[in-house]
$ cat coords10.cif   # mmCIF, C-alpha atoms
data_start
loop_
_atom_site.group_PDB
_atom_site.id
_atom_site.type_symbol
_atom_site.label_atom_id
_atom_site.label_comp_id
_atom_site.auth_asym_id
_atom_site.auth_seq_id
_atom_site.Cartn_x
_atom_site.Cartn_y
_atom_site.Cartn_z
ATOM 1 C CA MET U 236 23.737 -15.164 27.495
ATOM 2 C CA SER U 237 22.362 -15.816 24.010
ATOM 3 C CA SER U 238 19.430 -14.094 22.536
ATOM 4 C CA SER U 239 16.974 -15.588 20.071
ATOM 5 C CA PRO U 240 16.053 -13.715 16.933
ATOM 6 C CA PRO U 241 12.656 -12.058 17.138
ATOM 7 C CA ALA U 242 9.743 -14.131 15.906
ATOM 8 C CA PRO U 243 8.277 -13.020 12.561
ATOM 9 C CA THR U 244 5.314 -10.705 12.937
ATOM 10 C CA PRO U 245 2.121 -12.606 12.090
ATOM 11 C CA PRO U 246 0.175 -11.110 9.196
ATOM 12 C CA ALA U 247 -3.110 -9.332 9.766
ATOM 13 C CA PRO U 248 -6.153 -11.594 9.284
ATOM 14 C CA ASP U 249 -7.018 -9.866 6.002
ATOM 15 C CA ALA U 250 -3.481 -10.135 4.623
ATOM 16 C CA HIS U 251 -2.533 -12.311 1.675
ATOM 17 C CA ARG U 252 0.918 -13.863 1.364
ATOM 18 C CA GLY U 253 2.669 -14.691 -1.862
ATOM 19 C CA ALA U 254 6.128 -15.954 -2.735
ATOM 20 C CA CYS U 255 7.931 -16.888 -5.924
ATOM 21 C CA ARG U 256 11.268 -18.490 -6.637
ATOM 22 C CA VAL U 257 12.707 -17.952 -10.095
ATOM 23 C CA PHE U 258 15.413 -20.399 -11.070
ATOM 24 C CA GLY U 259 16.620 -21.475 -14.471
ATOM 25 C CA THR U 260 19.506 -21.849 -16.857
ATOM 26 C CA GLN U 261 19.658 -20.486 -20.378
ATOM 27 C CA GLY U 262 22.743 -20.705 -22.550
ATOM 28 C CA GLY U 263 24.851 -21.579 -19.527
ATOM 29 C CA VAL U 264 23.631 -18.515 -17.597
ATOM 30 C CA VAL U 265 21.902 -19.250 -14.283
ATOM 31 C CA ALA U 266 19.196 -16.963 -12.940
ATOM 32 C CA TYR U 267 17.933 -17.118 -9.369
ATOM 33 C CA ALA U 268 15.727 -14.873 -7.250
ATOM 34 C CA TRP U 269 13.188 -15.348 -4.481
ATOM 35 C CA VAL U 270 10.662 -12.732 -3.375
ATOM 36 C CA GLU U 271 8.002 -12.872 -0.672
ATOM 37 C CA VAL U 272 5.166 -10.351 -0.335
ATOM 38 C CA LEU U 273 2.321 -9.512 2.001
ATOM 39 C CA ALA U 274 -0.732 -7.742 0.524
ATOM 40 C CA ARG U 275 -3.570 -5.991 2.349
ATOM 41 C CA ARG U 276 -6.598 -4.127 1.012
ATOM 42 C CA ILE U 277 -6.462 -0.407 1.671
ATOM 43 C CA PRO U 278 -8.972 2.409 1.104
ATOM 44 C CA GLY U 279 -6.734 4.665 -0.973
ATOM 45 C CA PRO U 280 -4.656 4.143 -4.087
ATOM 46 C CA SER U 281 -2.472 1.045 -4.279
ATOM 47 C CA ALA U 282 1.052 1.326 -2.884
ATOM 48 C CA VAL U 283 4.210 -0.769 -2.675
ATOM 49 C CA MET U 284 6.900 -0.746 -0.029
ATOM 50 C CA VAL U 285 10.034 -2.804 0.417
ATOM 51 C CA SER U 286 10.442 -3.632 4.076
ATOM 52 C CA CYS U 287 12.229 -6.936 4.492
ATOM 53 C CA ASP U 288 11.437 -8.708 7.749
ATOM 54 C CA PRO U 289 14.718 -9.261 9.655
ATOM 55 C CA ALA U 290 13.216 -12.382 11.256
ATOM 56 C CA GLY U 291 11.899 -13.742 7.949
ATOM 57 C CA ASP U 292 13.349 -16.113 5.368
ATOM 58 C CA GLY U 293 14.986 -13.487 3.155
ATOM 59 C CA LEU U 294 18.277 -11.683 3.403
ATOM 60 C CA PRO U 295 18.672 -9.220 6.290
ATOM 61 C CA PRO U 296 17.379 -5.806 5.184
ATOM 62 C CA ASP U 297 20.849 -4.231 5.151
ATOM 63 C CA ALA U 298 22.172 -7.049 2.915
ATOM 64 C CA VAL U 299 19.644 -6.566 0.095
ATOM 65 C CA PRO U 300 21.281 -4.667 -2.792
ATOM 66 C CA VAL U 301 19.475 -1.437 -3.667
ATOM 67 C CA ALA U 302 19.041 -2.586 -7.291
ATOM 68 C CA TRP U 303 17.213 -5.718 -6.098
ATOM 69 C CA ALA U 304 14.918 -3.714 -3.804
ATOM 70 C CA GLU U 305 14.118 -1.278 -6.638
ATOM 71 C CA ALA U 306 13.444 -4.150 -9.035
ATOM 72 C CA ALA U 307 11.146 -5.872 -6.513
ATOM 73 C CA ALA U 308 9.179 -2.635 -6.062
ATOM 74 C CA THR U 309 8.945 -2.130 -9.842
ATOM 75 C CA GLY U 310 7.682 -5.681 -10.357
ATOM 76 C CA ALA U 311 5.176 -5.437 -7.506
ATOM 77 C CA ARG U 312 3.773 -2.137 -8.825
ATOM 78 C CA LEU U 313 3.346 -3.603 -12.296
ATOM 79 C CA ALA U 314 1.689 -6.744 -10.906
ATOM 80 C CA LEU U 315 -0.948 -4.595 -9.204
ATOM 81 C CA SER U 316 -2.245 -3.593 -12.642
ATOM 82 C CA CYS U 317 -4.372 -6.764 -12.693
ATOM 83 C CA ALA U 318 -5.713 -6.321 -9.145
ATOM 84 C CA ARG U 319 -9.223 -5.250 -8.324
ATOM 85 C CA GLY U 320 -9.383 -2.542 -5.696
ATOM 86 C CA ALA U 321 -6.531 -0.857 -3.865
ATOM 87 C CA TRP U 322 -3.765 -2.843 -2.156
ATOM 88 C CA LEU U 323 -0.732 -2.178 -0.019
ATOM 89 C CA VAL U 324 1.972 -4.644 -1.058
ATOM 90 C CA GLN U 325 4.920 -5.064 1.276
ATOM 91 C CA VAL U 326 7.939 -6.912 -0.069
ATOM 92 C CA THR U 327 8.882 -8.811 3.080
ATOM 93 C CA GLY U 328 11.734 -10.930 1.764
ATOM 94 C CA ILE U 329 14.261 -11.052 -1.062
ATOM 95 C CA ARG U 330 16.878 -13.734 -1.617
ATOM 96 C CA GLY U 331 19.531 -14.130 -4.258
ATOM 97 C CA THR U 332 23.218 -14.616 -4.884
ATOM 98 C CA THR U 333 25.794 -12.100 -6.026
ATOM 99 C CA VAL U 334 26.597 -14.319 -9.010
ATOM 100 C CA ASP U 335 23.187 -15.502 -10.258
ATOM 101 C CA THR U 336 20.735 -12.757 -9.282
ATOM 102 C CA ARG U 337 20.052 -9.769 -11.479
ATOM 103 C CA PRO U 338 17.381 -7.086 -11.076
ATOM 104 C CA MET U 339 15.241 -8.511 -13.881
ATOM 105 C CA ALA U 340 14.992 -11.905 -12.150
ATOM 106 C CA VAL U 341 14.001 -10.164 -8.895
ATOM 107 C CA ALA U 342 11.330 -8.118 -10.713
ATOM 108 C CA VAL U 343 9.888 -11.232 -12.362
ATOM 109 C CA ALA U 344 9.785 -13.037 -8.996
ATOM 110 C CA ALA U 345 8.016 -10.027 -7.448
ATOM 111 C CA ILE U 346 5.378 -9.987 -10.191
ATOM 112 C CA ARG U 347 4.646 -13.674 -9.728
ATOM 113 C CA ALA U 348 4.621 -13.332 -5.902
ATOM 114 C CA VAL U 349 2.059 -10.505 -6.033
ATOM 115 C CA TRP U 350 -0.091 -12.381 -8.523
ATOM 116 C CA GLY U 351 0.007 -15.378 -6.196
ATOM 117 C CA ALA U 352 -0.968 -13.291 -3.181
ATOM 118 C CA LEU U 353 -3.862 -11.624 -5.016
ATOM 119 C CA ASP U 354 -4.933 -14.742 -6.915
ATOM 120 C CA CYS U 355 -4.803 -12.871 -10.223
ATOM 121 C CA ASP U 356 -2.300 -14.970 -12.141
ATOM 122 C CA ARG U 357 -1.804 -14.191 -15.837
ATOM 123 C CA PRO U 358 -0.797 -17.530 -17.467
ATOM 124 C CA GLU U 359 -0.538 -15.869 -20.875
ATOM 125 C CA ALA U 360 2.396 -13.820 -19.539
ATOM 126 C CA HIS U 361 4.395 -16.731 -18.066
ATOM 127 C CA ASP U 362 6.489 -17.436 -21.185
ATOM 128 C CA ARG U 363 7.271 -13.757 -21.752
ATOM 129 C CA LEU U 364 8.306 -13.304 -18.124
ATOM 130 C CA ALA U 365 10.452 -16.445 -18.270
ATOM 131 C CA ALA U 366 12.178 -15.056 -21.369
ATOM 132 C CA LEU U 367 13.171 -11.933 -19.426
ATOM 133 C CA THR U 368 14.539 -13.745 -16.386
ATOM 134 C CA HIS U 369 18.056 -14.131 -17.814
ATOM 135 C CA ARG U 370 18.446 -10.578 -19.096
ATOM 136 C CA VAL U 371 21.264 -8.572 -17.584
ATOM 137 C CA ASP U 372 19.570 -5.160 -17.702
ATOM 138 C CA ASP U 373 20.174 -3.015 -14.669
ATOM 139 C CA ALA U 374 17.250 -1.644 -12.704
ATOM 140 C CA GLY U 375 17.002 1.393 -14.984
ATOM 141 C CA ALA U 376 14.477 2.352 -17.616
ATOM 142 C CA ALA U 377 14.635 -0.900 -19.611
ATOM 143 C CA VAL U 378 13.267 -3.033 -16.783
ATOM 144 C CA PRO U 379 9.799 -1.414 -16.459
ATOM 145 C CA ALA U 380 9.343 -1.238 -20.230
ATOM 146 C CA LEU U 381 10.304 -4.884 -20.752
ATOM 147 C CA LEU U 382 8.163 -6.031 -17.832
ATOM 148 C CA ALA U 383 5.171 -4.071 -19.142
ATOM 149 C CA TRP U 384 5.606 -5.854 -22.477
ATOM 150 C CA ALA U 385 5.757 -9.240 -20.730
ATOM 151 C CA VAL U 386 2.682 -8.656 -18.596
ATOM 152 C CA GLY U 387 0.716 -7.334 -21.561
ATOM 153 C CA PRO U 388 -2.508 -5.368 -21.498
ATOM 154 C CA THR U 389 -4.665 -5.691 -18.417
#
$ encode --input "coords10.cif" --output "structure tokens"
Amino acid sequence: MSSSPPAPTPPAPDAHRGACRVFGTQGGVVAYAWVEVLARRIPGPSAVMVSCDPAGDGLPPDAVPVAWAEAAATGARLALSCARGAWLVQVTGIRGTTVDTRPMAVAVAAIRAVWGALDCDRPEAHDRLAALTHRVDDAGAAVPALLAWAVGPT
């Protein structure tokens, strides 16, 4: 007897979806990451959680490297700086490859996914974010500082 995977949970009516795929080549180095988010207004302070949907399009939750999950959360938190009001952002999917995906690319994809979900895109930051996509920084202290520079003042 075969069993079908569970159907993805439909978002709440007030939820906003966003997704971003980062892909590019610079100096022979390929960068790839895909992040999907679900955002809902909440009464308290904004919050971010990484909870990949096992029935969604991303990697299974236990296959997402910790560094990618941390980078997605960092990017999503930074992206909320341009939002009005308080939001709960759930990172519902992350995709990448062991060869071409680095935490910085995941963080950039998360920023763009949140901006898409909240309709608060920052076109002036696009070039700076694209310049960071190929960096090989780990998910440590350099990532938030570089991303804050790329996003610029809110």
$ closest_residue --input "coords10.cif" --among "U:Ala366, U:Met339, U:Leu273, U:Ala348" --to "Pro379 (chain U)" --atoms "only C-alpha atoms"
U:Met339
$ resolve_selection --input "coords10.cif" --expression "the PyMOL selection byres ((chain U and resi 313-316) around 10)" --output "JSON list (two decimals) with C-alpha atoms, keeping the file's coordinate frame"
[["chain", "number", "residue", "atom", "x", "y", "z"],
["U", 281, "SER", "CA", -2.47, 1.04, -4.28],
["U", 282, "ALA", "CA", 1.05, 1.33, -2.88],
["U", 283, "VAL", "CA", 4.21, -0.77, -2.68],
["U", 307, "ALA", "CA", 11.15, -5.87, -6.51],
["U", 308, "ALA", "CA", 9.18, -2.64, -6.06],
["U", 309, "THR", "CA", 8.94, -2.13, -9.84],
["U", 310, "GLY", "CA", 7.68, -5.68, -10.36],
["U", 311, "ALA", "CA", 5.18, -5.44, -7.51],
["U", 312, "ARG", "CA", 3.77, -2.14, -8.82],
["U", 317, "CYS", "CA", -4.37, -6.76, -12.69],
["U", 318, "ALA", "CA", -5.71, -6.32, -9.14],
["U", 319, "ARG", "CA", -9.22, -5.25, -8.32],
["U", 320, "GLY", "CA", -9.38, -2.54, -5.70],
["U", 321, "ALA", "CA", -6.53, -0.86, -3.86],
["U", 322, "TRP", "CA", -3.76, -2.84, -2.16],
["U", 323, "LEU", "CA", -0.73, -2.18, -0.02],
["U", 324, "VAL", "CA", 1.97, -4.64, -1.06],
["U", 342, "ALA", "CA", 11.33, -8.12, -10.71],
["U", 343, "VAL", "CA", 9.89, -11.23, -12.36],
["U", 345, "ALA", "CA", 8.02, -10.03, -7.45],
["U", 346, "ILE", "CA", 5.38, -9.99, -10.19],
["U", 347, "ARG", "CA", 4.65, -13.67, -9.73],
["U", 348, "ALA", "CA", 4.62, -13.33, -5.90],
["U", 349, "VAL", "CA", 2.06, -10.50, -6.03],
["U", 350, "TRP", "CA", -0.09, -12.38, -8.52],
["U", 351, "GLY", "CA", 0.01, -15.38, -6.20],
["U", 353, "LEU", "CA", -3.86, -11.62, -5.02],
["U", 355, "CYS", "CA", -4.80, -12.87, -10.22],
["U", 356, "ASP", "CA", -2.30, -14.97, -12.14],
["U", 357, "ARG", "CA", -1.80, -14.19, -15.84],
["U", 379, "PRO", "CA", 9.80, -1.41, -16.46],
["U", 382, "LEU", "CA", 8.16, -6.03, -17.83],
["U", 383, "ALA", "CA", 5.17, -4.07, -19.14],
["U", 386, "VAL", "CA", 2.68, -8.66, -18.60],
["U", 388, "PRO", "CA", -2.51, -5.37, -21.50],
["U", 389, "THR", "CA", -4.66, -5.69, -18.42]]
$ resolve_selection --input "coords10.cif" --expression "the PyMOL selection byres ((chain U and resi 265) around 12)" --output "ChimeraX atom specification"
/U:257-264,266-268,331-337,340,368-371
$ atom_distance --input "coords10.cif" --atom1 "CA of Val299 (chain U)" --atom2 "CA of Gly253 (chain U)"
18.9 Å
$ residues_near_point --input "coords10.cif" --point "(11.6, -8.8, 4.6)" --cutoff "8 Å" --atoms "only C-alpha atoms" --output "JSON, numbers by chain"
{"U": [271, 285, 286, 287, 288, 289, 290, 291, 292, 293, 294, 295, 296, 326, 327, 328, 329]}
$ closest_residue --input "coords10.cif" --among "U:Gln325, U:Arg256, U:Asp297, U:Ala304" --to "Arg275 (chain U)" --atoms "only C-alpha atoms"
U:Gln325
$ closest_residue --input "coords10.cif" --among "U:His361, U:Leu367, U:Val341, U:Arg276" --to "Cys255 (chain U)" --atoms "only C-alpha atoms"
U:Val341
$ build_atoms --input "coords10.cif" --residues "region 293-308 of chain U" --atoms "N, CA and C atoms" --output "compact mmCIF listing (two decimals), in the coordinates of the input"
# COMPACT_ATOMS: atom_id res chain seq x y z
N GLY U 293 14.13 -14.17 4.12
CA GLY U 293 14.99 -13.49 3.16
C GLY U 293 16.29 -13.00 3.76
N LEU U 294 17.04 -12.29 2.93
CA LEU U 294 18.28 -11.68 3.40
C LEU U 294 17.97 -10.62 4.45
N PRO U 295 18.89 -10.34 5.37
CA PRO U 295 18.67 -9.22 6.29
C PRO U 295 18.50 -7.93 5.48
N PRO U 296 17.66 -7.02 5.96
CA PRO U 296 17.38 -5.81 5.18
C PRO U 296 18.62 -5.05 4.72
N ASP U 297 19.66 -4.99 5.54
CA ASP U 297 20.85 -4.23 5.15
C ASP U 297 21.73 -5.00 4.17
N ALA U 298 21.39 -6.26 3.87
CA ALA U 298 22.17 -7.05 2.92
C ALA U 298 21.53 -7.11 1.53
N VAL U 299 20.33 -6.56 1.39
CA VAL U 299 19.64 -6.57 0.10
C VAL U 299 20.20 -5.42 -0.76
N PRO U 300 20.78 -5.74 -1.92
CA PRO U 300 21.28 -4.67 -2.79
C PRO U 300 20.15 -3.72 -3.21
N VAL U 301 20.47 -2.46 -3.30
CA VAL U 301 19.48 -1.44 -3.67
C VAL U 301 18.82 -1.78 -5.01
N ALA U 302 19.59 -2.25 -5.98
CA ALA U 302 19.04 -2.59 -7.29
C ALA U 302 18.00 -3.69 -7.19
N TRP U 303 18.20 -4.65 -6.28
CA TRP U 303 17.21 -5.72 -6.10
C TRP U 303 15.94 -5.16 -5.47
N ALA U 304 16.09 -4.30 -4.46
CA ALA U 304 14.92 -3.71 -3.80
C ALA U 304 14.11 -2.88 -4.80
N GLU U 305 14.81 -2.09 -5.63
CA GLU U 305 14.12 -1.28 -6.64
C GLU U 305 13.41 -2.16 -7.65
N ALA U 306 14.05 -3.24 -8.06
CA ALA U 306 13.44 -4.15 -9.04
C ALA U 306 12.22 -4.84 -8.43
N ALA U 307 12.29 -5.24 -7.17
CA ALA U 307 11.15 -5.87 -6.51
C ALA U 307 9.97 -4.90 -6.45
N ALA U 308 10.25 -3.64 -6.12
CA ALA U 308 9.18 -2.64 -6.06
C ALA U 308 8.58 -2.40 -7.45
